[in-house]
Amino acid sequence: MSERIERLEATVQRLERRLQRQQRMTAAGVVLLCSALAIATVQAQTARQRITELDVERLNVVEPDGQLVLSMANTARLPDPLLGGKTLDTGRTGPGIIFFDGKGWEVGGLLYGTRANGGATGHLSLDQFHNDQLVFLQYDDNGSTNKRAGLFVTDRARTPTLDEIVRLRGEQASASPERRAAIDAQLRGISAQRVFVGSENETAMFLDASGAVVDRVPK
């Protein structure tokens, strides 16, 4: 009986030693796997990759702190205007490319779209600091009665900034007559178109700061 117990104890001890070896090997394997994953992650973050073709619905370029500097998107996913870190819902759609300053402000963009009746619109703009567009190329065709394309130059006051303008215009609907008049006075003259050079309904045009047609050349 004692011999059987001794053999059983010896078997248990061998199994325990084998289990301990397996545990050590498993732990070593886990360490090696974690190390490999860590190295792969660092390489993925620092290595330069080349991709032949990539399909995306929206691509964001950001600063190290996560702030947007550029967004390229399809019709449904184009970002709304960003003013002082807050988005403004305008129903704007793409496809297009929107530029940001990395500090919470939109600073321009490139858009193009078509209309069901055969018309189209295209737009490339650069914005004033904390304000709306200053210089822009615009193409607009309603598909039937009107087609206009050209370069626009606009002057804008430094104050109020665009977010303040949006806030003031939002107040107008519910403001008292006196307050509405004060807002109108504050917003009057904050922008002026200086130059338009282009074509309107297939007629070449150049307009100066006064709005007069300086030169109009039939097609």
# chains A, B, ... in the order shown; residues from 1 in each chain; ligands from 1

call {"tool": "residues_around", "arguments": {"residues": "region 146-163 of chain A", "least_positions_apart": "6", "cutoff": "7 Å", "atoms": "only C-alpha atoms", "output": "NGL selection string"}}
result
:A and (83-84 or 130-132 or 134-140 or 190-201)

call {"tool": "write_last_selection", "arguments": {"atoms": "N, CA and C atoms", "output": "compact mmCIF listing (two decimals), in the first residue's frame"}}
result
# COMPACT_ATOMS: atom_id res chain seq x y z
N LEU A 83 -16.68 77.81 -36.07
CA LEU A 83 -16.43 79.20 -35.67
C LEU A 83 -16.10 79.23 -34.19
N GLY A 84 -14.89 79.59 -33.86
CA GLY A 84 -14.51 79.68 -32.45
C GLY A 84 -14.69 78.38 -31.70
N HIS A 130 -10.81 84.96 -38.50
CA HIS A 130 -12.02 84.96 -37.68
C HIS A 130 -13.21 85.63 -38.38
N ASN A 131 -13.24 85.51 -39.71
CA ASN A 131 -14.34 86.12 -40.45
C ASN A 131 -14.62 85.31 -41.71
N ASP A 132 -15.44 85.88 -42.59
CA ASP A 132 -15.88 85.16 -43.77
C ASP A 132 -14.88 85.33 -44.91
N LEU A 134 -12.69 86.33 -48.08
CA LEU A 134 -12.15 87.58 -48.64
C LEU A 134 -11.95 87.48 -50.14
N VAL A 135 -11.28 86.43 -50.55
CA VAL A 135 -10.98 86.20 -51.96
C VAL A 135 -11.57 84.84 -52.33
N PHE A 136 -12.34 84.80 -53.42
CA PHE A 136 -12.90 83.51 -53.81
C PHE A 136 -13.19 83.46 -55.31
N LEU A 137 -13.07 82.25 -55.82
CA LEU A 137 -13.48 81.93 -57.18
C LEU A 137 -14.84 81.25 -57.10
N GLN A 138 -15.78 81.73 -57.91
CA GLN A 138 -17.13 81.19 -57.84
C GLN A 138 -17.66 80.88 -59.24
N TYR A 139 -18.25 79.70 -59.37
CA TYR A 139 -18.94 79.33 -60.60
C TYR A 139 -20.34 78.89 -60.22
N ASP A 140 -21.35 79.49 -60.85
CA ASP A 140 -22.72 79.15 -60.53
C ASP A 140 -23.55 79.13 -61.80
N ILE A 190 -20.30 96.36 -42.72
CA ILE A 190 -19.19 95.54 -42.23
C ILE A 190 -18.48 94.81 -43.37
N SER A 191 -19.07 94.83 -44.58
CA SER A 191 -18.41 94.20 -45.72
C SER A 191 -18.77 94.93 -47.00
N ALA A 192 -17.90 94.83 -47.99
CA ALA A 192 -18.14 95.47 -49.28
C ALA A 192 -17.40 94.71 -50.36
N GLN A 193 -18.10 94.42 -51.45
CA GLN A 193 -17.43 93.79 -52.59
C GLN A 193 -16.63 94.83 -53.33
N ARG A 194 -15.35 94.54 -53.58
CA ARG A 194 -14.46 95.51 -54.21
C ARG A 194 -14.30 95.25 -55.71
N VAL A 195 -14.15 93.97 -56.06
CA VAL A 195 -13.85 93.66 -57.47
C VAL A 195 -14.56 92.37 -57.87
N PHE A 196 -15.08 92.35 -59.07
CA PHE A 196 -15.50 91.12 -59.71
C PHE A 196 -14.93 91.10 -61.12
N VAL A 197 -14.20 90.06 -61.43
CA VAL A 197 -13.64 89.88 -62.77
C VAL A 197 -14.09 88.51 -63.26
N GLY A 198 -14.88 88.49 -64.34
CA GLY A 198 -15.34 87.20 -64.81
C GLY A 198 -16.31 87.31 -65.95
N SER A 199 -17.27 86.39 -65.94
CA SER A 199 -18.24 86.31 -67.02
C SER A 199 -19.63 86.11 -66.43
N GLU A 200 -20.60 86.83 -66.96
CA GLU A 200 -21.98 86.68 -66.54
C GLU A 200 -22.84 86.46 -67.78
N ASN A 201 -23.49 85.30 -67.82
CA ASN A 201 -24.29 84.92 -68.99
C ASN A 201 -23.51 85.11 -70.28

call {"tool": "residues_around", "arguments": {"residues": "Ala116 (chain A)", "least_positions_apart": "2", "cutoff": "12 Å", "atoms": "only C-alpha atoms", "output": "ChimeraX atom specification"}}
result
/A:113-114,118-121,141-144

call {"tool": "write_last_selection", "arguments": {"atoms": "C-alpha atoms", "output": "mmCIF file, in the first residue's frame"}}
result
data_model
loop_
_atom_site.group_PDB
_atom_site.id
_atom_site.type_symbol
_atom_site.label_atom_id
_atom_site.label_comp_id
_atom_site.auth_asym_id
_atom_site.auth_seq_id
_atom_site.Cartn_x
_atom_site.Cartn_y
_atom_site.Cartn_z
ATOM 1 C CA GLY A 113 -21.650 70.136 -56.900
ATOM 2 C CA THR A 114 -24.080 69.464 -59.738
ATOM 3 C CA GLY A 118 -27.795 70.170 -65.627
ATOM 4 C CA GLY A 119 -26.550 73.146 -63.628
ATOM 5 C CA ALA A 120 -23.528 73.175 -61.354
ATOM 6 C CA THR A 121 -21.699 75.209 -58.744
ATOM 7 C CA ASP A 141 -25.014 77.834 -63.256
ATOM 8 C CA ASN A 142 -28.722 77.260 -62.613
ATOM 9 C CA GLY A 143 -28.947 75.170 -65.760
ATOM 10 C CA SER A 144 -31.163 77.562 -67.705
#

call {"tool": "atom_distance", "arguments": {"atom1": "CA of Gln186 (chain A)", "atom2": "CA of Gln128 (chain A)"}}
result
18.9 Å

call {"tool": "atom_distance", "arguments": {"atom1": "CA of Glu53 (chain A)", "atom2": "CA of Arg77 (chain A)"}}
result
20.1 Å

call {"tool": "residues_around", "arguments": {"residues": "Val61 (chain A)", "least_positions_apart": "5", "cutoff": "12 Å", "atoms": "only C-alpha atoms", "output": "CSV table (one decimal) with C-alpha atoms, in the first residue's frame"}}
result
chain,number,residue,atom,x,y,z
A,66,GLY,CA,-6.5,66.7,-32.4
A,67,GLN,CA,-7.5,70.1,-33.9
A,68,LEU,CA,-8.6,70.0,-37.5
A,69,VAL,CA,-6.5,71.6,-40.2
A,70,LEU,CA,-8.1,69.9,-43.3
A,71,SER,CA,-11.1,67.8,-44.0
A,72,MET,CA,-11.9,66.0,-47.3
A,73,ALA,CA,-15.3,64.5,-47.5
A,97,ILE,CA,-12.2,70.1,-49.0
A,98,ILE,CA,-12.5,72.4,-46.0
A,99,PHE,CA,-9.4,74.2,-44.5
A,100,PHE,CA,-9.1,75.0,-40.8
A,101,ASP,CA,-6.5,76.9,-38.8
A,102,GLY,CA,-5.9,74.2,-36.1

call {"tool": "select_by_dssp", "arguments": {"residues": "region 14-204 of chain A", "states": "strand (DSSP E or B)", "output": "PyMOL selection string"}}
result
chain A and resi 58-62+68-73+82-83+86-87+96-100+106-114+120-127+133-141+147-156+191-200+203-204

call {"tool": "residues_around", "arguments": {"residues": "Thr93 (chain A)", "least_positions_apart": "2", "cutoff": "8 Å", "atoms": "only C-alpha atoms", "output": "list in words"}}
result
Thr75, Ala76, Arg77, Leu78, Gly91 and Pro95 of chain A

call {"tool": "residues_around", "arguments": {"residues": "region 172-174 of chain A", "least_positions_apart": "6", "cutoff": "12 Å", "atoms": "only C-alpha atoms", "output": "list in words"}}
result
Ile165, Val166, Arg180, Ala181, Ala182, Ile183, Asp184, Ala185, Gln186 and Leu187 of chain A

call {"tool": "select_by_dssp", "arguments": {"residues": "region 13-185 of chain A", "states": "alpha helix (DSSP H)", "output": "JSON, numbers by chain"}}
result
{"A": [13, 14, 15, 16, 17, 18, 19, 20, 21, 22, 23, 24, 25, 26, 27, 28, 29, 30, 31, 32, 33, 34, 35, 36, 37, 38, 39, 40, 41, 42, 43, 44, 45, 46, 162, 163, 164, 165, 166, 167, 168, 169, 170, 171, 172, 177, 178, 179, 180, 181, 182, 183, 184, 185]}

call {"tool": "write_last_selection", "arguments": {"atoms": "N, CA and C atoms", "output": "short mmCIF file (atom, residue, chain, number, x, y, z; two decimals), in the first residue's frame"}}
result
data_model
loop_
_atom_site.label_atom_id
_atom_site.label_comp_id
_atom_site.auth_asym_id
_atom_site.auth_seq_id
_atom_site.Cartn_x
_atom_site.Cartn_y
_atom_site.Cartn_z
N GLN A 13 4.09 14.81 -8.33
CA GLN A 13 5.22 15.74 -8.36
C GLN A 13 5.69 15.99 -9.78
N ARG A 14 5.74 14.92 -10.62
CA ARG A 14 6.14 15.10 -12.02
C ARG A 14 5.15 15.99 -12.76
N LEU A 15 3.86 15.74 -12.50
CA LEU A 15 2.84 16.56 -13.15
C LEU A 15 2.95 18.03 -12.72
N GLU A 16 3.24 18.24 -11.42
CA GLU A 16 3.39 19.61 -10.93
C GLU A 16 4.57 20.31 -11.61
N ARG A 17 5.72 19.58 -11.74
CA ARG A 17 6.89 20.16 -12.38
C ARG A 17 6.60 20.48 -13.84
N ARG A 18 5.88 19.57 -14.53
CA ARG A 18 5.53 19.79 -15.94
C ARG A 18 4.61 21.01 -16.08
N LEU A 19 3.64 21.11 -15.17
CA LEU A 19 2.72 22.25 -15.21
C LEU A 19 3.47 23.56 -14.97
N GLN A 20 4.42 23.55 -14.04
CA GLN A 20 5.20 24.76 -13.77
C GLN A 20 6.01 25.17 -14.98
N ARG A 21 6.63 24.16 -15.68
CA ARG A 21 7.39 24.49 -16.90
C ARG A 21 6.48 25.10 -17.96
N GLN A 22 5.27 24.51 -18.12
CA GLN A 22 4.33 25.04 -19.11
C GLN A 22 3.89 26.47 -18.75
N GLN A 23 3.68 26.73 -17.48
CA GLN A 23 3.29 28.07 -17.05
C GLN A 23 4.40 29.07 -17.35
N ARG A 24 5.68 28.67 -17.09
CA ARG A 24 6.80 29.57 -17.39
C ARG A 24 6.91 29.83 -18.88
N MET A 25 6.71 28.78 -19.69
CA MET A 25 6.78 28.95 -21.14
C MET A 25 5.64 29.84 -21.65
N THR A 26 4.44 29.67 -21.07
CA THR A 26 3.30 30.51 -21.46
C THR A 26 3.55 31.98 -21.12
N ALA A 27 4.07 32.21 -19.92
CA ALA A 27 4.36 33.58 -19.49
C ALA A 27 5.41 34.21 -20.40
N ALA A 28 6.44 33.42 -20.75
CA ALA A 28 7.47 33.95 -21.65
C ALA A 28 6.89 34.27 -23.01
N GLY A 29 5.96 33.41 -23.49
CA GLY A 29 5.33 33.66 -24.78
C GLY A 29 4.49 34.92 -24.77
N VAL A 30 3.77 35.14 -23.67
CA VAL A 30 2.95 36.36 -23.54
C VAL A 30 3.83 37.61 -23.56
N VAL A 31 4.95 37.54 -22.84
CA VAL A 31 5.88 38.68 -22.82
C VAL A 31 6.42 38.97 -24.21
N LEU A 32 6.81 37.91 -24.93
CA LEU A 32 7.33 38.08 -26.28
C LEU A 32 6.26 38.66 -27.21
N LEU A 33 5.02 38.16 -27.08
CA LEU A 33 3.93 38.67 -27.93
C LEU A 33 3.66 40.14 -27.64
N CYS A 34 3.60 40.51 -26.37
CA CYS A 34 3.37 41.92 -26.01
C CYS A 34 4.48 42.81 -26.53
N SER A 35 5.72 42.33 -26.43
CA SER A 35 6.85 43.10 -26.93
C SER A 35 6.75 43.30 -28.44
N ALA A 36 6.38 42.22 -29.15
CA ALA A 36 6.24 42.32 -30.60
C ALA A 36 5.14 43.30 -30.98
N LEU A 37 4.01 43.26 -30.27
CA LEU A 37 2.91 44.18 -30.54
C LEU A 37 3.33 45.62 -30.26
N ALA A 38 4.07 45.84 -29.19
CA ALA A 38 4.53 47.19 -28.86
C ALA A 38 5.45 47.73 -29.93
N ILE A 39 6.38 46.89 -30.38
CA ILE A 39 7.31 47.31 -31.44
C ILE A 39 6.55 47.62 -32.73
N ALA A 40 5.57 46.75 -33.06
CA ALA A 40 4.78 46.97 -34.28
C ALA A 40 3.99 48.26 -34.20
N THR A 41 3.45 48.57 -33.00
CA THR A 41 2.68 49.81 -32.82
C THR A 41 3.56 51.03 -33.01
N VAL A 42 4.75 51.01 -32.41
CA VAL A 42 5.68 52.14 -32.56
C VAL A 42 6.08 52.31 -34.02
N GLN A 43 6.36 51.20 -34.69
CA GLN A 43 6.74 51.28 -36.10
C GLN A 43 5.59 51.81 -36.94
N ALA A 44 4.36 51.41 -36.62
CA ALA A 44 3.20 51.90 -37.37
C ALA A 44 3.01 53.38 -37.18
N GLN A 45 3.34 53.89 -35.98
CA GLN A 45 3.17 55.31 -35.70
C GLN A 45 4.27 56.16 -36.32
N THR A 46 5.44 55.59 -36.48
CA THR A 46 6.57 56.39 -36.95
C THR A 46 6.95 56.10 -38.39
N LEU A 162 -16.91 86.80 -37.16
CA LEU A 162 -18.01 86.07 -37.77
C LEU A 162 -18.91 85.40 -36.74
N ASP A 163 -18.35 84.87 -35.66
CA ASP A 163 -19.20 84.26 -34.64
C ASP A 163 -20.10 85.30 -33.97
N GLU A 164 -19.58 86.54 -33.83
CA GLU A 164 -20.40 87.61 -33.25
C GLU A 164 -21.49 88.04 -34.23
N ILE A 165 -21.17 88.06 -35.52
CA ILE A 165 -22.17 88.39 -36.53
C ILE A 165 -23.30 87.37 -36.52
N VAL A 166 -22.95 86.09 -36.44
CA VAL A 166 -23.98 85.04 -36.39
C VAL A 166 -24.85 85.20 -35.15
N ARG A 167 -24.24 85.52 -34.03
CA ARG A 167 -25.01 85.71 -32.79
C ARG A 167 -25.96 86.89 -32.91
N LEU A 168 -25.47 88.02 -33.46
CA LEU A 168 -26.30 89.21 -33.60
C LEU A 168 -27.47 88.97 -34.54
N ARG A 169 -27.21 88.29 -35.64
CA ARG A 169 -28.30 87.99 -36.58
C ARG A 169 -29.32 87.05 -35.96
N GLY A 170 -28.85 86.16 -35.09
CA GLY A 170 -29.78 85.27 -34.40
C GLY A 170 -30.68 86.02 -33.43
N GLU A 171 -30.20 87.14 -32.89
CA GLU A 171 -30.99 87.95 -31.96
C GLU A 171 -32.09 88.73 -32.66
N GLN A 172 -31.90 89.05 -33.94
CA GLN A 172 -32.79 89.97 -34.62
C GLN A 172 -34.24 89.49 -34.65
N PRO A 177 -38.01 96.32 -31.32
CA PRO A 177 -37.70 97.21 -32.44
C PRO A 177 -36.45 98.06 -32.21
N GLU A 178 -36.28 98.53 -30.97
CA GLU A 178 -35.10 99.34 -30.67
C GLU A 178 -33.81 98.52 -30.78
N ARG A 179 -33.86 97.30 -30.22
CA ARG A 179 -32.68 96.44 -30.28
C ARG A 179 -32.39 96.03 -31.71
N ARG A 180 -33.45 95.75 -32.49
CA ARG A 180 -33.26 95.36 -33.88
C ARG A 180 -32.60 96.48 -34.68
N ALA A 181 -33.02 97.71 -34.41
CA ALA A 181 -32.41 98.85 -35.10
C ALA A 181 -30.94 99.00 -34.71
N ALA A 182 -30.63 98.75 -33.43
CA ALA A 182 -29.24 98.85 -32.98
C ALA A 182 -28.37 97.77 -33.64
N ILE A 183 -28.93 96.56 -33.80
CA ILE A 183 -28.19 95.48 -34.46
C ILE A 183 -27.97 95.82 -35.92
N ASP A 184 -29.01 96.34 -36.58
CA ASP A 184 -28.87 96.73 -37.98
C ASP A 184 -27.76 97.75 -38.16
N ALA A 185 -27.70 98.70 -37.24
CA ALA A 185 -26.67 99.72 -37.32
C ALA A 185 -25.28 99.13 -37.12
#
